Structure formats: C-alpha cells, structure tokens
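The data block below is upload.cif; it holds mmCIF, C-alpha atoms.
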data_input
loop_
_atom_site.label_atom_id
_atom_site.label_comp_id
_atom_site.auth_asym_id
_atom_site.auth_seq_id
_atom_site.Cartn_x
_atom_site.Cartn_y
_atom_site.Cartn_z
CA MET F 1 112.19 89.22 103.30
CA ASN F 2 113.61 88.12 99.97
CA LYS F 3 113.42 90.12 96.77
CA LEU F 4 110.29 88.49 95.37
CA GLN F 5 108.34 88.88 98.62
CA ASN F 6 109.37 92.51 98.71
CA MET F 7 108.19 92.98 95.14
CA THR F 8 104.84 91.35 95.93
CA VAL F 9 104.28 93.66 98.90
CA ALA F 10 105.22 96.70 96.80
CA MET F 11 102.86 95.63 94.01
CA VAL F 12 99.93 95.14 96.39
CA LEU F 13 100.61 98.42 98.15
CA SER F 14 100.92 100.48 94.96
CA GLY F 15 97.86 98.65 93.58
CA LEU F 16 95.82 99.78 96.60
CA LEU F 17 96.92 103.37 96.01
CA MET F 18 95.81 103.03 92.38
CA ALA F 19 92.38 101.86 93.58
CA VAL F 20 92.12 104.93 95.84
CA GLY F 21 92.90 107.22 92.91
CA ASN F 22 90.43 105.35 90.72
CA VAL F 23 87.61 105.96 93.23
CA ILE F 24 88.45 109.63 93.84
CA GLY F 25 89.39 110.76 90.36
CA TYR F 26 87.10 108.75 88.10
CA GLN F 27 84.02 108.04 90.25
CA VAL F 28 84.37 104.26 89.95
CA ASP F 29 82.96 102.33 92.95
CA TRP F 30 85.26 100.70 95.52
CA TYR F 31 84.28 97.14 94.65
CA SER F 32 85.04 97.44 90.91
CA SER F 33 88.23 99.40 91.60
CA LEU F 34 89.62 96.87 94.08
CA LEU F 35 88.61 93.87 91.96
CA GLY F 36 90.18 95.42 88.84
CA VAL F 37 93.39 96.22 90.66
CA LEU F 38 93.48 92.72 92.16
CA VAL F 39 93.28 91.12 88.69
CA ILE F 40 96.05 93.43 87.43
CA ILE F 41 98.24 92.50 90.43
CA VAL F 42 97.64 88.76 89.86
CA ILE F 43 98.67 89.08 86.20
CA GLY F 44 101.76 91.02 87.29
CA LEU F 45 102.65 88.26 89.77
CA ILE F 46 102.19 85.55 87.11
CA GLY F 47 104.53 87.51 84.85
CA MET F 48 107.01 87.85 87.70
CA ALA F 49 106.89 84.07 88.31
CA VAL F 50 107.37 83.33 84.60
CA SER F 51 110.41 85.62 84.46
CA GLN F 52 112.06 83.55 87.20
CA LEU F 53 111.87 80.29 85.23
CA PRO F 54 115.25 78.87 84.21
CA GLY F 55 116.23 80.00 80.72
CA LEU F 56 113.63 82.77 80.65
CA ASN F 57 115.43 84.98 83.15
CA LYS F 58 117.82 86.22 80.46
CA LEU F 59 115.21 88.74 79.33
CA PRO F 60 114.05 91.53 81.66
CA MET F 61 111.02 90.99 83.90
CA VAL F 62 109.13 93.83 82.21
CA PHE F 63 109.27 91.84 78.96
CA TRP F 64 107.70 88.72 80.50
CA ILE F 65 105.04 90.68 82.33
CA SER F 66 104.11 92.33 79.01
CA ILE F 67 103.97 88.97 77.26
CA VAL F 68 101.76 87.39 79.96
CA ALA F 69 99.36 90.37 79.88
CA ILE F 70 99.21 90.28 76.08
CA ILE F 71 98.50 86.52 75.96
CA ILE F 72 95.77 86.76 78.61
CA SER F 73 94.08 89.56 76.67
CA LEU F 74 94.09 87.75 73.30
CA PRO F 75 90.49 87.09 72.15
CA SER F 76 91.26 83.36 71.84
CA PHE F 77 92.48 83.07 75.45
CA PRO F 78 89.80 81.54 77.71
CA GLY F 79 88.26 84.18 79.97
CA SER F 80 89.99 87.10 78.25
CA ALA F 81 86.70 88.98 77.83
CA TRP F 82 86.10 88.74 81.60
CA VAL F 83 89.63 89.95 82.42
CA ILE F 84 89.31 92.90 80.05
CA GLN F 85 85.88 93.84 81.35
CA ILE F 86 87.06 93.77 84.99
CA THR F 87 90.35 95.61 84.42
CA LYS F 88 88.74 98.26 82.18
CA LYS F 89 87.21 99.71 85.34
CA VAL F 90 90.69 100.74 86.46
CA GLN F 91 91.48 103.95 84.59
CA PHE F 92 94.87 104.27 82.93
CA LEU F 93 95.47 107.67 84.52
CA ALA F 94 94.63 106.30 87.98
CA VAL F 95 97.37 103.69 87.48
CA THR F 96 99.94 106.31 86.51
CA THR F 97 99.42 108.77 89.41
CA PRO F 98 100.90 106.73 92.31
CA ILE F 99 103.82 105.67 90.10
CA LEU F 100 104.74 109.26 89.35
CA ALA F 101 104.20 110.15 93.02
CA TYR F 102 106.87 107.60 93.99
CA ALA F 103 109.05 108.98 91.20
CA GLY F 104 108.55 112.50 92.55
CA LEU F 105 109.44 111.50 96.11
CA SER F 106 112.74 110.09 94.88
CA LEU F 107 113.72 113.27 92.99
CA GLY F 108 115.32 114.98 96.00
CA LYS F 109 118.48 112.93 95.71
CA ASP F 110 118.81 113.92 92.04
CA ILE F 111 118.30 117.63 92.77
CA GLU F 112 121.66 117.76 94.63
CA LEU F 113 123.43 116.08 91.70
CA PHE F 114 121.63 118.31 89.24
CA LYS F 115 122.95 121.46 90.93
CA LYS F 116 126.49 120.37 90.11
CA LEU F 117 125.75 120.16 86.36
CA SER F 118 126.15 122.91 83.78
CA TRP F 119 122.92 124.61 82.60
CA LYS F 120 123.82 123.38 79.12
CA ILE F 121 122.48 119.92 79.89
CA VAL F 122 118.91 121.28 80.15
CA PRO F 123 118.44 122.34 76.49
CA VAL F 124 120.39 119.25 75.39
CA THR F 125 118.16 116.87 77.41
CA LEU F 126 115.00 118.56 76.12
CA ALA F 127 116.31 118.19 72.56
CA VAL F 128 117.13 114.51 73.16
CA MET F 129 113.61 113.78 74.48
CA THR F 130 111.94 115.83 71.74
CA GLY F 131 114.05 114.13 69.06
CA THR F 132 113.26 110.58 70.08
CA PHE F 133 109.51 111.29 70.42
CA LEU F 134 109.02 113.42 67.31
CA PHE F 135 111.16 111.45 64.87
CA ALA F 136 109.48 108.17 65.83
CA ALA F 137 106.04 109.76 65.55
CA ILE F 138 106.82 111.29 62.14
CA ILE F 139 108.17 108.01 60.73
CA ALA F 140 105.15 106.18 62.19
CA GLN F 141 102.79 108.70 60.54
CA PHE F 142 104.27 108.08 57.07
CA VAL F 143 104.38 104.30 57.37
CA LEU F 144 100.86 104.09 58.88
CA LYS F 145 99.55 106.11 55.89
CA TRP F 146 101.48 103.87 53.51
CA GLU F 147 100.14 100.73 55.17
CA GLY F 148 96.62 102.16 55.03
CA ALA F 149 96.16 101.87 58.81
CA ILE F 150 95.08 105.52 59.15
CA MET Y 1 114.84 97.49 101.17
CA ASP Y 2 112.21 97.24 103.85
CA ILE Y 3 109.09 98.37 102.10
CA LEU Y 4 106.58 98.21 104.91
CA ARG Y 5 108.77 99.82 107.56
CA ASN Y 6 108.95 102.98 105.44
CA TRP Y 7 105.27 103.75 105.95
CA LYS Y 8 105.97 107.49 105.73
CA ILE Y 9 106.63 107.16 101.98
CA HIS Y 10 103.34 105.34 101.35
CA LEU Y 11 101.38 107.78 103.48
CA LEU Y 12 102.87 110.66 101.49
CA VAL Y 13 102.00 108.91 98.22
CA LEU Y 14 98.42 108.43 99.48
CA ILE Y 15 98.15 112.15 100.28
CA ILE Y 16 99.68 113.09 96.92
CA VAL Y 17 97.30 110.74 95.04
CA VAL Y 18 94.23 112.15 96.82
CA MET Y 19 95.31 115.74 96.09
CA SER Y 20 96.31 115.06 92.46
CA GLU Y 21 93.15 113.15 91.56
CA ASN Y 22 90.98 115.78 93.23
CA LEU Y 23 92.66 118.44 91.10
CA GLY Y 24 92.11 116.25 88.03
CA VAL Y 25 93.01 117.13 84.44
CA VAL Y 26 93.75 120.84 84.05
CA LYS Y 27 93.68 122.40 80.57
CA TYR Y 28 95.12 125.77 79.52
CA SER Y 29 94.51 126.17 75.77
CA LEU Y 30 97.16 123.90 74.21
CA ILE Y 31 98.64 122.70 77.51
CA ILE Y 32 97.24 119.66 79.34
CA LEU Y 33 98.29 119.06 82.97
CA LEU Y 34 97.46 115.51 84.09
CA PRO Y 35 97.11 114.18 87.67
CA LEU Y 36 100.33 112.24 87.14
CA LEU Y 37 102.09 115.53 86.52
CA HIS Y 38 100.66 117.09 89.70
CA ALA Y 39 101.85 113.98 91.57
CA LEU Y 40 105.36 114.19 90.14
CA VAL Y 41 105.71 117.88 90.98
CA LEU Y 42 104.16 117.55 94.46
CA GLY Y 43 106.46 114.62 95.20
CA GLY Y 44 109.44 116.57 93.92
CA ILE Y 45 108.62 119.53 96.18
CA ILE Y 46 108.18 117.28 99.26
CA SER Y 47 111.51 115.57 98.58
CA PHE Y 48 113.37 118.87 98.15
CA PRO Y 49 116.51 118.48 100.30
CA LYS Y 50 116.02 121.89 101.95
CA PHE Y 51 112.72 120.85 103.56
CA LYS Y 52 114.33 117.83 105.22
CA ILE Y 53 111.04 115.88 105.13
CA LEU Y 54 112.63 112.76 103.64
CA SER Y 55 116.05 111.23 104.20
CA THR Y 56 118.17 110.09 101.28
CA LYS Y 57 117.48 106.52 102.33
CA GLN Y 58 113.73 107.08 102.20
CA MET Y 59 114.08 108.58 98.74
CA GLU Y 60 115.97 105.47 97.69
CA VAL Y 61 113.08 103.33 98.95
CA ALA Y 62 110.68 105.41 96.83
CA ALA Y 63 112.99 104.96 93.84
CA GLY Y 64 113.02 101.20 94.52
CA ILE Y 65 109.22 100.91 94.54
CA LEU Y 66 108.91 102.88 91.30
CA PRO Y 67 109.91 100.07 88.87
CA ILE Y 68 107.70 97.56 90.73
CA ALA Y 69 104.64 99.82 90.59
CA MET Y 70 105.53 100.34 86.95
CA MET Y 71 104.93 96.61 86.34
CA LEU Y 72 101.22 97.19 87.04
CA LEU Y 73 101.17 99.88 84.36
CA ILE Y 74 102.88 97.43 82.00
CA VAL Y 75 100.09 94.91 82.74
CA LYS Y 76 97.40 97.54 82.15
CA ILE Y 77 98.93 98.47 78.80
CA GLY Y 78 99.60 94.85 77.84
CA LEU Y 79 95.91 94.04 78.33
CA ASP Y 80 95.08 96.56 75.60
CA ILE Y 81 97.34 94.84 73.08
CA GLY Y 82 95.44 91.52 72.85
CA PRO Y 83 92.09 92.97 71.73
CA ASN Y 84 93.91 95.14 69.17
CA ILE Y 85 96.33 92.50 67.92
CA SER Y 86 95.00 92.47 64.34
CA LEU Y 87 95.18 96.28 64.17
CA LEU Y 88 98.81 96.10 65.33
CA PHE Y 89 99.63 93.37 62.80
CA HIS Y 90 98.18 95.59 60.13
CA SER Y 91 100.72 98.27 61.09
CA LYS Y 92 103.74 96.06 61.73
CA GLY Y 93 105.85 98.08 59.27
CA ALA Y 94 105.17 101.28 61.16
CA LEU Y 95 105.90 99.62 64.50
CA LEU Y 96 109.26 98.37 63.23
CA LEU Y 97 110.37 101.47 61.34
CA GLN Y 98 109.35 104.01 64.01
CA GLU Y 99 112.11 102.52 66.19
CA ILE Y 100 114.61 104.13 63.80
CA GLY Y 101 113.17 107.46 64.87
CA HIS Y 102 113.46 106.52 68.54
CA PHE Y 103 117.07 105.46 68.30
CA PHE Y 104 118.42 108.17 66.01
CA GLY Y 105 116.15 111.06 66.94
CA THR Y 106 118.16 111.74 70.10
CA VAL Y 107 121.39 112.16 68.12
CA ILE Y 108 119.91 114.09 65.19
CA LEU Y 109 118.33 116.77 67.36
CA GLY Y 110 120.48 116.62 70.50
CA LEU Y 111 124.05 116.30 69.23
CA PRO Y 112 124.22 119.47 67.09
CA ILE Y 113 122.89 121.47 70.06
CA ALA Y 114 125.41 119.89 72.45
CA VAL Y 115 128.29 120.58 70.06
CA PHE Y 116 127.07 124.15 69.52
CA LEU Y 117 127.08 124.65 73.32
CA ARG Y 118 130.68 123.33 73.35
CA MET Y 119 130.05 120.38 75.61
CA GLY Y 120 133.01 118.51 74.15
CA ARG Y 121 133.04 114.71 74.09
CA GLU Y 122 130.35 114.75 76.79
CA SER Y 123 128.00 115.46 73.86
CA ILE Y 124 128.35 111.84 72.72
CA GLY Y 125 127.25 110.30 76.01
CA ALA Y 126 124.62 112.95 76.56
CA THR Y 127 122.81 112.48 73.25
CA TYR Y 128 123.40 108.94 71.93
CA SER Y 129 120.28 107.67 73.74
CA VAL Y 130 117.55 108.71 76.19
CA ALA Y 131 120.12 107.86 78.91
CA ARG Y 132 118.13 105.30 80.92
CA GLU Y 133 119.77 102.59 83.02
CA PRO Y 134 120.73 100.16 80.19
CA ASN Y 135 122.30 103.04 78.23
CA ILE Y 136 124.40 104.04 81.24
CA ALA Y 137 125.61 100.44 81.52
CA ILE Y 138 126.80 100.50 77.89
CA ILE Y 139 128.81 103.72 78.38
CA ALA Y 140 130.17 102.51 81.74
CA GLU Y 141 131.51 99.39 80.06
CA LYS Y 142 132.97 101.09 76.97
CA PHE Y 143 134.37 104.33 78.42
CA GLY Y 144 133.90 104.19 82.19
CA LEU Y 145 131.70 106.69 84.01
CA ASP Y 146 134.68 108.98 84.79
CA SER Y 147 135.23 109.63 81.08
CA PRO Y 148 133.69 112.65 79.29
CA GLU Y 149 131.23 110.24 77.64
CA GLY Y 150 130.33 108.87 81.08
CA ARG Y 151 129.76 112.33 82.53
CA GLY Y 152 127.58 113.14 79.53
CA VAL Y 153 125.30 110.13 79.90
CA MET Y 154 124.97 110.71 83.67
CA ALA Y 155 124.08 114.38 83.08
CA THR Y 156 121.26 113.49 80.67
CA TYR Y 157 120.15 110.72 83.04
CA ILE Y 158 119.84 113.10 85.99
CA CYS Y 159 118.29 115.93 84.00
CA GLY Y 160 115.99 113.49 82.18
CA THR Y 161 114.79 112.06 85.49
CA LEU Y 162 113.93 115.57 86.71
CA VAL Y 163 112.37 117.09 83.61
CA GLY Y 164 111.80 114.25 81.09
CA ALA Y 165 108.27 113.23 82.06
CA VAL Y 166 107.08 116.82 82.57
CA TRP Y 167 108.52 117.90 79.25
CA LEU Y 168 107.15 114.94 77.26
CA SER Y 169 103.71 115.30 78.80
CA ILE Y 170 103.45 118.97 77.83
CA LEU Y 171 105.14 118.54 74.44
CA THR Y 172 102.90 115.60 73.53
CA GLY Y 173 99.81 117.51 74.63
CA VAL Y 174 100.69 120.46 72.40
CA VAL Y 175 101.59 118.28 69.39
CA ALA Y 176 98.39 116.25 69.86
CA LYS Y 177 96.24 119.40 69.98
CA LEU Y 178 97.87 120.69 66.77
CA GLY Y 179 96.34 117.65 65.05
CA ILE Y 180 99.06 117.24 62.38
CA LEU Y 181 100.12 113.75 63.44
CA HIS Y 182 97.62 110.91 63.93
CA PRO Y 183 97.12 109.79 67.56
CA TYR Y 184 98.37 106.29 66.63
CA ALA Y 185 101.64 107.80 65.35
CA LEU Y 186 101.96 109.89 68.51
CA ALA Y 187 101.29 106.78 70.61
CA MET Y 188 104.21 104.99 68.99
CA GLY Y 189 106.37 108.06 69.51
CA SER Y 190 105.60 107.95 73.23
CA GLY Y 191 107.22 104.50 73.59
CA VAL Y 192 110.58 106.11 74.35
CA GLY Y 193 111.89 103.30 76.55
CA SER Y 194 111.22 104.91 79.92
CA GLY Y 195 108.09 103.94 81.81
CA SER Y 196 107.35 107.30 83.47
CA MET Y 197 108.00 109.24 80.29
CA MET Y 198 105.77 106.90 78.30
CA ALA Y 199 103.01 107.20 80.91
CA ALA Y 200 103.21 111.00 80.85
CA SER Y 201 103.19 111.11 77.07
CA VAL Y 202 100.40 108.54 76.56
CA GLY Y 203 98.30 110.31 79.19
CA SER Y 204 98.40 113.51 77.17
CA ILE Y 205 97.43 111.76 73.91
CA ILE Y 206 94.48 110.07 75.63
CA ALA Y 207 93.37 113.38 77.15
CA ALA Y 208 93.23 114.83 73.62
CA TYR Y 209 91.66 111.75 71.96
CA PRO Y 210 89.65 109.93 74.67
CA GLU Y 211 87.57 108.02 72.09
CA MET Y 212 90.65 106.14 70.84
CA GLU Y 213 91.97 105.40 74.32
CA GLN Y 214 92.40 101.64 73.96
CA GLN Y 215 94.09 101.70 70.55
CA ILE Y 216 96.44 104.49 71.66
CA ARG Y 217 97.62 102.38 74.61
CA ALA Y 218 97.98 99.30 72.40
CA TYR Y 219 100.25 101.16 69.97
CA ALA Y 220 102.26 102.75 72.77
CA GLY Y 221 102.64 99.43 74.58
CA ALA Y 222 103.77 97.64 71.43
CA ALA Y 223 106.27 100.39 70.59
CA ASN Y 224 107.60 100.41 74.14
CA LEU Y 225 108.01 96.62 74.06
CA MET Y 226 110.03 96.98 70.85
CA SER Y 227 112.24 99.61 72.49
CA THR Y 228 112.77 97.28 75.46
CA ILE Y 229 113.79 94.33 73.29
CA LEU Y 230 115.84 96.16 70.64
CA GLY Y 231 117.05 99.07 72.76
CA ILE Y 232 120.33 97.74 74.12
CA TYR Y 233 121.53 96.28 70.82
CA VAL Y 234 120.59 99.24 68.63
CA SER Y 235 122.10 101.82 70.95
CA LEU Y 236 125.30 99.78 71.31
CA PHE Y 237 125.84 98.86 67.66
CA PHE Y 238 124.23 101.78 65.82
CA SER Y 239 123.41 104.86 67.91
CA LEU Y 240 126.72 105.10 69.76
CA PRO Y 241 128.93 104.75 66.64
CA LEU Y 242 126.67 107.26 64.83
CA ALA Y 243 126.91 109.75 67.69
CA THR Y 244 130.72 109.38 67.79
CA LYS Y 245 131.07 109.87 64.01
CA LEU Y 246 128.71 112.83 63.91
CA TYR Y 247 130.52 114.39 66.88
CA ASN Y 248 133.91 114.04 65.18
CA PHE Y 249 132.46 115.55 62.01
CA LEU Y 250 130.70 118.50 63.68
CA SER Y 251 133.52 119.36 66.06
CA LYS Y 252 135.95 119.61 63.14
CA PHE Y 253 134.21 122.81 62.03
CA GLN Y 254 134.26 124.11 65.54
CA SER Y 255 137.97 123.58 66.18
CA ASP Y 256 138.73 125.21 62.79
CA LYS Y 257 136.84 128.30 63.87
CA GLU Y 258 138.50 128.18 67.27
CA THR Y 259 142.05 128.10 65.81
CA ALA Y 260 141.13 130.81 63.35
CA LYS Y 261 140.06 133.01 66.24
CA GLU Y 262 143.24 132.28 68.13
CA LYS Y 263 145.35 133.32 65.12
CA VAL Y 264 143.61 136.68 64.98
#

Show the structure stored in the file as structure tokens.
Amino acid sequence: MNKLQNMTVAMVLSGLLMAVGNVIGYQVDWYSSLLGVLVIIVIGLIGMAVSQLPGLNKLPMVFWISIVAIIISLPSFPGSAWVIQITKKVQFLAVTTPILAYAGLSLGKDIELFKKLSWKIVPVTLAVMTGTFLFAAIIAQFVLKWEGAI
Amino acid sequence: MDILRNWKIHLLVLIIVVMSENLGVVKYSLIILLPLLHALVLGGIISFPKFKILSTKQMEVAAGILPIAMMLLIVKIGLDIGPNISLLFHSKGALLLQEIGHFFGTVILGLPIAVFLRMGRESIGATYSVAREPNIAIIAEKFGLDSPEGRGVMATYICGTLVGAVWLSILTGVVAKLGILHPYALAMGSGVGSGSMMAASVGSIIAAYPEMEQQIRAYAGAANLMSTILGIYVSLFFSLPLATKLYNFLSKFQSDKETAKEKV
C-alpha cells in the first residue's frame, strides 16, 4: 500500500470511530452520524488530493485541508448550507475523542524517554504552554475590544 | 505502516471511545474533564511499558494514525470558518496580533523559570517555542540535537506530548470559568500550533460557553491556521534570537551570584 492509500484507510477507520462516539456520547442517530462523518472524510480526501498537486505541495497538507474546508463552507459556495447541516450532526467532542485515544496509546514510548529527563522540565513545559496560551488570549482580548468585536 | 494489520490498536481505541463517551463531561467546580481527556489518560495507562500490552512498534502505528485522524478535526473546524468569515474579517487585527502572544509567550514565561532552575543553555531550546515537530527541525539544523539547545527542545517535546493537552484542557477550563477573558479571545489563545492541545483547549471553552460553540471553533481554527503558516518563520527569525538574547542576559546575573558565592 502506498502512503496515500494508507492515509485514506486511516481516515475512514478513525472516522468510523468518531461516528461510534457521536452515537454513544451525544445521542445522535447512526444514519446522521455516519453520513456526517462520510462528508467530513470526503472533504479531507479532497484536501489531501489538492495538497498533492504540483506546486501546491510546498505547503503542509493540513494547510490545504483547512483551505478546502473553509471554501466549501463559505455561504457563496454551492451546497455549503447542505454540507454544514449534515456535518453539524457530528459533535466536535466526538471527533476529538478517538484522536486523543490514538495519542494516548502512543504515549508509552515517550514515558521511557521521560524517565531519563530531569524533573525541572515539568514546571518549564507547563510555563511554556501557559505562556503561549495566556499571552495570545490577553492580546486577543485587548484587540477584540479595540476592534469592537466583543 | 500497515494500518489494517494492527487491528489491536483500533480495537483498543474503540473500547476507549466507548468508555470515555459513556463517562461524558465531568465537572468539579472550576475543573472540566472532557471525554478526550479520559481517552488520553486511558490510552496512556494501556500503553504503559510495564503492562506490556502494546509493543513499541504498535505504539508507533498509533502515533502514525494520529496526524491523519487529526485531518478530520481540521475539516470539522474549517467548516465553521466559512459561515463566520465576516465575523473573522471584523477581527483580523486581533487574529494577527494574538500570534505575537503565541510566539513570545513561551519565552516570556518559560525562560526565566528555566534559568532560575539552572537548566543552562538547554533553557533556550526548551522555551523558544511549544517544541512541536517543525520547531525541533529548526534546532536540529542550527545546533544539532546533541547540543544543549537540542536536548532542551527534545525535553519540552517529550514532556509536552505527555502533559501538554491535559494541562491546557484544565487550565483553559479554569480560565474560562473565571470569566475575565472573552471566549473568542480564549479560542484564539487555544490555537497553539499543536492539534491535540488545541482540541483539548477548545473543548474546555465550548464546555463553558456551549451557546457560542461555532464562533469559538471558527476563531480557534483561524488562529491555528495562522500559527501553521507563520510558525516556522517567526520561531526561526524572531523567537529563537529573542530566547538566546534573553538567556544571555538573565544568566549573566546568575553567574555573577555564582562567582560571588565561590569567592566566599
């Protein structure tokens, strides 16, 4: 299997797991959950195809997938209302749970490496994460007020 | 990477998803625990080397699926941007300027603590960025990963992978409940340039402000897109030089004190 086929299989598989979570956690019916996930997967695959075009592959795939999703959801794009209505049935949190489950299952290999580090890295990492989140949020708060958006 | 042949991973994810979603959102006063957090912790426990449930190779397969599954989250968030495009255009200044906070916030808060803990030049690598893959590549090219700077960035990478999402989810939940910062501002803050951390952070904002769900995701998605595009350049040309300068400045005081002590 080549890389793109592998990615397609992984997308479909993780999409199915998202549908399962959507049914269990948010009481959405199977039909709406599977249809919503299917539309999300198709958009992801279109983005993946776009990112492979010559000249466009200089930017990361995540960028092109974002751009394709944004364009499809623009009010002026034909059928955007339908896409939004269908995909709205898939809850954001249901999408995140399988992703973080995969992340969790890969942590074991980092635990061994982590044991070799000094404890000092823990407060430093927490400060790094807090700093990037809080400073951006504080600047955003001031500028949003100034722009009259909030 | 043979995705289908490693069915054990997918079965485990299925079990984790069923358990996590059944548990649902758990709230203890200011703290919000989301299903994604249960999933991360459950997965982490299962993969614990002592239990020998998963081989290192299987863990690598899980790590390989992670960015692909993440693409579906990127689609989900991207679909919220279109309907809110005029709202985002109205706040283009905020979207642009908040990136300054993302890129320098790590140094401003992290570096003084690293220097205080006497981490040496590792402080620079450890705090110049959120230490995700592109940031490691920059340090690897400039200093090599065997240098103090390289050890620093790898340490924050490993520690960030283990605790970053958990920490941001809880921190964001508490800050959101305090109600000082607007949920739109928090949403932009959550676009830290790592998918799992953004997901954990956005999840907590939405749990606190469910009525603004769509706008929150639109702001977070737009901010994260900005971090993706600008990230490499800003951290190479601005954050890294700033971290180096600030380190040289702060460590001057420290070595003065050190020599003074030695004289006594």

Discussion item. What's the separation between atom CA of Ile9 of chain Y and atom CA of Val37 of chain F, in Å to one decimal place?
Written reply: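 Atom CA of Val37 of chain F lies at a distance of 20.6 Å from atom CA of Ile9 of chain Y.
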
Discussion item. Considering all atoms listed in the file, can you say which of Y:Ala63, Y:Phe48, Y:His182, Y:Leu33 comes closest to Ser204 of chain Y?
Written reply: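 Answer, going by the shortest atom-to-atom distance: Y:Leu33.
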
Practice prompt. Using the chain letters and numbering of this document, enumerate as JSON, numbers by chain the residues selected by the PyMOL selection byres ((chain F and resi 112) around 12).
Written response: {"F": [106, 107, 108, 109, 110, 111, 113, 114, 115, 116, 117], "Y": [47, 48, 49, 50, 56, 158, 159, 162]}

Discussion item. Set the cut-off to 6 Å and count only C-alpha atoms: what are the residues of chain F that reach chain Y? Output as number ranges by chain.
Written reply: F: 11, 14, 25, 66, 69-70, 73-74, 96-97, 99-102, 104-108, 124-125, 127-128, 131-133, 135-137, 139-141, 143-144

Around all the atoms of segment 28-38 of chain Y listed in the file, draw an axis-aligned box and extend it by 8 Å on each of the six sides; I want its centre and edge lengths in Å to one decimal, as lines of an AutoDock Vina configuration file.
center_x = 98.3
center_y = 119.2
center_z = 82.0
size_x = 23.6
size_y = 29.9
size_z = 31.5

Worksheet item: Which value, in Å to one decimal, gives the distance between atom CA of Val95 of chain F and atom CA of Leu17 of chain F?
Response: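 That distance, rounded to one decimal, is 8.5 Å.
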
Practice prompt. Counting all atoms listed in the file, figure out which residue out of F:Asn6, F:Thr87, F:Ser118, F:Thr130 gets nearest to Tyr31 of chain F.
Written response: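 Ranking F:Asn6, F:Thr87, F:Ser118, F:Thr130 by distance to Tyr31 of chain F, first place goes to F:Thr87.
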
Discussion item. For a quick check of understanding, using only C-alpha atoms, which of F:Ile84, F:Leu38, F:Val28, F:Val62 has the smallest distance to Leu13 of chain F?
Written reply: F:Leu38

Write out as an mmCIF file with C-alpha atoms, in the frame of the given file which residues come within 12 Å of Gln27 of chain F when counting all atoms listed in the file, dropping same-chain ones fewer than 5 positions away.
data_model
loop_
_atom_site.group_PDB
_atom_site.id
_atom_site.type_symbol
_atom_site.label_atom_id
_atom_site.label_comp_id
_atom_site.auth_asym_id
_atom_site.auth_seq_id
_atom_site.Cartn_x
_atom_site.Cartn_y
_atom_site.Cartn_z
ATOM 1 C CA ALA F 19 92.380 101.860 93.580
ATOM 2 C CA VAL F 20 92.120 104.930 95.840
ATOM 3 C CA GLY F 21 92.900 107.220 92.910
ATOM 4 C CA ASN F 22 90.430 105.350 90.720
ATOM 5 C CA SER F 32 85.040 97.440 90.910
ATOM 6 C CA SER F 33 88.230 99.400 91.600
ATOM 7 C CA LYS F 89 87.210 99.710 85.340
ATOM 8 C CA VAL F 90 90.690 100.740 86.460
ATOM 9 C CA GLN F 91 91.480 103.950 84.590
ATOM 10 C CA ALA F 94 94.630 106.300 87.980
ATOM 11 C CA GLU Y 21 93.150 113.150 91.560
ATOM 12 C CA ASN Y 22 90.980 115.780 93.230
ATOM 13 C CA GLY Y 24 92.110 116.250 88.030
#

Discussion item. I need the residue nearest Val83 of chain F from this list: F:Leu53, F:Asn2, F:Ile71, F:Ile24. Use all atoms listed in the file for the distance.
Written reply: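 Result for the nearest residue to Val83 of chain F: F:Ile71.
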
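Take atom CA of Glu141 of chain Y and atom CA of Ser239 of chain Y: the distance between them is 15.6 Å.
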
Worksheet item: Hey, what's within 7 Å of Leu236 of chain Y if we count all atoms listed in the file and toss same-chain stuff fewer than 4 positions away? As an NGL selection string, please?
Response: :Y and (138 or 232 or 240)

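With all atoms listed in the file as the basis for measurement, F:Val39 is the residue among F:Met18, F:Leu34, F:Ala103, F:Val39 that approaches Trp82 of chain F most closely.
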
Item to complete: Can you turn the PyMOL selection byres ((chain F and resi 43) around 8) into a concrete residue list for this file, as number ranges by chain?
Response: F: 39-42, 44-47, 65, 68-69; Y: 75
